[in-house]
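Visitor: Following this line is upload10.txt, made up of compact mmCIF, C-alpha atoms and all ligand atoms:
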```
# COMPACT_ATOMS: atom_id res chain seq x y z
CA MET F 1 122.91 137.91 171.17
CA ARG F 2 119.75 135.88 171.74
CA LEU F 3 117.58 138.80 170.66
CA GLU F 4 119.82 139.25 167.65
CA GLN F 5 119.29 135.59 166.69
CA GLU F 6 115.54 135.86 167.10
CA SER F 7 115.52 138.94 164.93
CA GLN F 8 117.55 137.09 162.26
CA PHE F 9 115.13 134.17 162.43
CA ALA F 10 112.07 136.41 162.13
CA TRP F 11 113.66 138.25 159.22
CA LEU F 12 114.42 134.99 157.40
CA GLN F 13 110.90 133.73 158.02
CA GLY F 14 109.56 136.97 156.59
CA LEU F 15 111.73 136.49 153.53
CA TYR F 16 110.37 132.97 152.92
CA PHE F 17 106.83 134.19 153.51
CA PHE F 18 107.31 137.10 151.11
CA ASP F 19 108.69 134.75 148.44
CA GLY F 20 105.77 132.34 148.87
CA VAL F 21 103.18 135.11 148.58
CA SER F 22 104.98 136.68 145.60
CA VAL F 23 105.01 133.34 143.76
CA ALA F 24 101.34 132.70 144.53
CA ILE F 25 100.31 136.17 143.34
CA SER F 26 102.40 136.09 140.18
CA ASN F 27 101.05 132.61 139.33
CA ALA F 28 97.47 133.75 139.93
CA LEU F 29 97.97 136.78 137.66
CA ARG F 30 100.20 135.17 135.06
CA LYS F 31 99.28 135.38 131.40
CA LYS F 32 98.28 132.27 129.50
CA GLY F 33 101.25 130.42 128.08
CA THR F 34 103.79 131.73 130.58
CA ARG F 35 105.46 129.28 132.93
CA ALA F 36 104.32 129.07 136.54
CA GLN F 37 106.96 130.09 139.06
CA ASP F 38 108.11 127.70 141.77
CA TYR F 39 108.59 128.35 145.42
CA ILE F 40 112.29 128.85 146.27
CA LYS F 41 113.98 125.50 145.47
CA GLU F 42 116.23 125.14 148.49
CA PRO F 43 116.68 126.92 151.77
CA ILE F 44 118.59 130.19 151.67
CA ARG F 45 122.18 129.50 152.61
CA ILE F 46 123.29 131.44 155.69
CA THR F 47 126.43 129.55 156.75
CA PRO F 48 129.59 129.69 154.59
CA LEU F 49 130.31 126.84 152.15
CA SER F 50 132.62 124.02 153.31
CA PRO F 51 135.86 123.50 151.31
CA GLN F 52 134.27 120.45 149.59
CA GLU F 53 131.14 122.40 148.68
CA LYS F 54 133.28 125.26 147.43
CA ALA F 55 135.30 122.87 145.24
CA ALA F 56 132.15 121.23 143.87
CA LYS F 57 130.70 124.62 143.04
CA GLU F 58 133.90 125.67 141.24
CA ARG F 59 133.92 122.40 139.26
CA ALA F 60 130.32 122.99 138.20
CA GLU F 61 131.22 126.52 137.06
CA GLN F 62 134.23 125.22 135.10
CA ASN F 63 132.10 122.54 133.42
CA LYS F 64 129.62 125.20 132.41
CA ILE F 65 132.41 127.28 130.86
CA ILE F 66 133.86 124.25 129.05
CA ALA F 67 130.42 123.32 127.68
CA TYR F 68 129.94 126.90 126.48
CA PHE F 69 133.22 126.98 124.56
CA SER F 70 132.83 123.55 123.01
CA ASN F 71 129.36 124.55 121.78
CA LEU F 72 130.89 127.72 120.38
CA GLU F 73 133.58 125.66 118.63
CA ARG F 74 131.00 123.31 117.14
CA ALA F 75 128.96 126.28 115.90
CA SER F 76 132.01 127.82 114.23
CA ASP F 77 132.86 124.41 112.65
CA ARG F 78 129.41 124.42 111.08
CA GLU F 79 129.96 127.96 109.80
CA ASN F 80 133.32 126.93 108.28
CA GLU F 81 131.64 123.98 106.56
CA ALA F 82 129.09 126.32 105.05
CA ALA F 83 131.84 128.72 103.91
CA ARG F 84 133.83 125.84 102.36
CA ALA F 85 130.72 124.61 100.55
CA SER F 86 130.13 128.02 99.00
CA MET F 87 133.83 128.16 97.96
CA LEU F 88 133.42 124.81 96.19
CA LEU F 89 130.43 126.26 94.44
CA SER F 90 132.33 129.25 93.09
CA ALA F 91 135.45 127.20 92.25
CA ASP F 92 134.07 124.69 89.72
CA GLY F 93 130.59 126.02 89.10
CA SER F 94 128.75 122.89 90.21
CA GLU F 95 126.22 123.60 92.91
CA MET F 96 127.22 122.08 96.23
CA ILE F 97 124.92 122.13 99.22
CA ILE F 98 124.99 120.58 102.66
CA CYS F 99 122.04 118.41 103.59
CA PRO F 100 120.49 120.02 106.68
CA HIS F 101 119.46 116.59 107.96
CA CYS F 102 122.70 114.61 107.78
CA ASP F 103 125.33 117.36 107.13
CA THR F 104 126.84 115.70 104.05
CA TYR F 105 127.88 117.52 100.89
CA GLN F 106 125.60 117.00 97.94
CA THR F 107 125.49 118.25 94.41
CA ARG F 108 122.12 119.93 94.19
CA ARG F 109 119.31 117.41 93.90
CA SER F 110 115.74 117.27 95.14
CA VAL F 111 116.49 114.35 97.48
CA CYS F 112 119.52 113.75 99.72
CA MET F 113 121.57 110.83 98.42
CA LYS F 114 122.48 109.73 101.93
CA CYS F 115 119.41 110.18 104.11
CA LYS F 116 116.80 110.51 101.34
CA ALA F 117 115.34 113.66 102.89
CA ALA F 118 113.80 116.22 100.55
CA LEU F 119 116.17 119.14 99.90
ZN ZN O 1 120.90 113.98 104.11
```
Would you mind writing the structure in this file as structure tokens?
Ligand SMILES: [Zn+2]
Guide:
Amino acid sequence: MRLEQESQFAWLQGLYFFDGVSVAISNALRKKGTRAQDYIKEPIRITPLSPQEKAAKERAEQNKIIAYFSNLERASDRENEAARASMLLSADGSEMIICPHCDTYQTRRSVCMKCKAAL
């Protein structure tokens, strides 16, 4: 058992050492403009998560999923706006556009009537 533990410890130490050397080498050889890698951010977890840690991790995952879908919804809202604008265009012949700066409908002009940005 004691030998087993020592072996585990040595193995883990080797893993940290390997990671450190890998990061150092890849940073030394990295191409210009690529981001430097960091040494492993936190110790490798070897004991199981507590119920609280498990719950916190699940919440974080759920929040990530919720953020993903609300971004998706917002993106599809923008696409619908664009589709509606082009329908307006074909319906009465007047050219409607959406200002890319303030997202308001405009009849085609060189300057946005709301935010004064060049169109
Ligand atoms: Zn505008």
Visitor: Give me, as JSON lines, the closest atom pair and its distance (Å, one decimal) for every residue of chain F within a cut-off of 6 Å of ligand ZN 1 (chain O), counting all atoms listed in the file, rows sorted by chain and rising number.
Guide:
```
{"residue": "F:Cys99", "atom": "CA", "partner": "O:ZN1", "partner_atom": "ZN", "distance": 4.6}
{"residue": "F:His101", "atom": "CA", "partner": "O:ZN1", "partner_atom": "ZN", "distance": 4.9}
{"residue": "F:Cys102", "atom": "CA", "partner": "O:ZN1", "partner_atom": "ZN", "distance": 4.1}
{"residue": "F:Cys112", "atom": "CA", "partner": "O:ZN1", "partner_atom": "ZN", "distance": 4.6}
{"residue": "F:Lys114", "atom": "CA", "partner": "O:ZN1", "partner_atom": "ZN", "distance": 5.0}
{"residue": "F:Cys115", "atom": "CA", "partner": "O:ZN1", "partner_atom": "ZN", "distance": 4.1}
{"residue": "F:Ala117", "atom": "CA", "partner": "O:ZN1", "partner_atom": "ZN", "distance": 5.7}
```
Visitor: Between F:Ala28, F:Leu12, F:Val23, F:Ala67, which has the minimum distance to Arg45 in chain F (counting only C-alpha atoms)?
Guide: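 The shortest atom-to-atom distance to Arg45 in chain F comes from F:Leu12.
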Visitor: F:Ser70, F:Gln37, F:Thr104, F:Ser26: which is nearest Ala82 in chain F, counting all atoms listed in the file?
Guide: F:Thr104
Visitor: Hey, can you check how far CA of Tyr16 in chain F sits from CA of Ile46 in chain F?
Guide: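 Value for the CA of Tyr16 in chain F-CA of Ile46 in chain F distance: 13.3 Å.
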Visitor: Which one is closest to Asp77 in chain F: F:Thr47, F:Asp103, F:Ser22, F:Gln8? Count all atoms listed in the file.
Guide: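 Nearest to Asp77 in chain F: F:Asp103.
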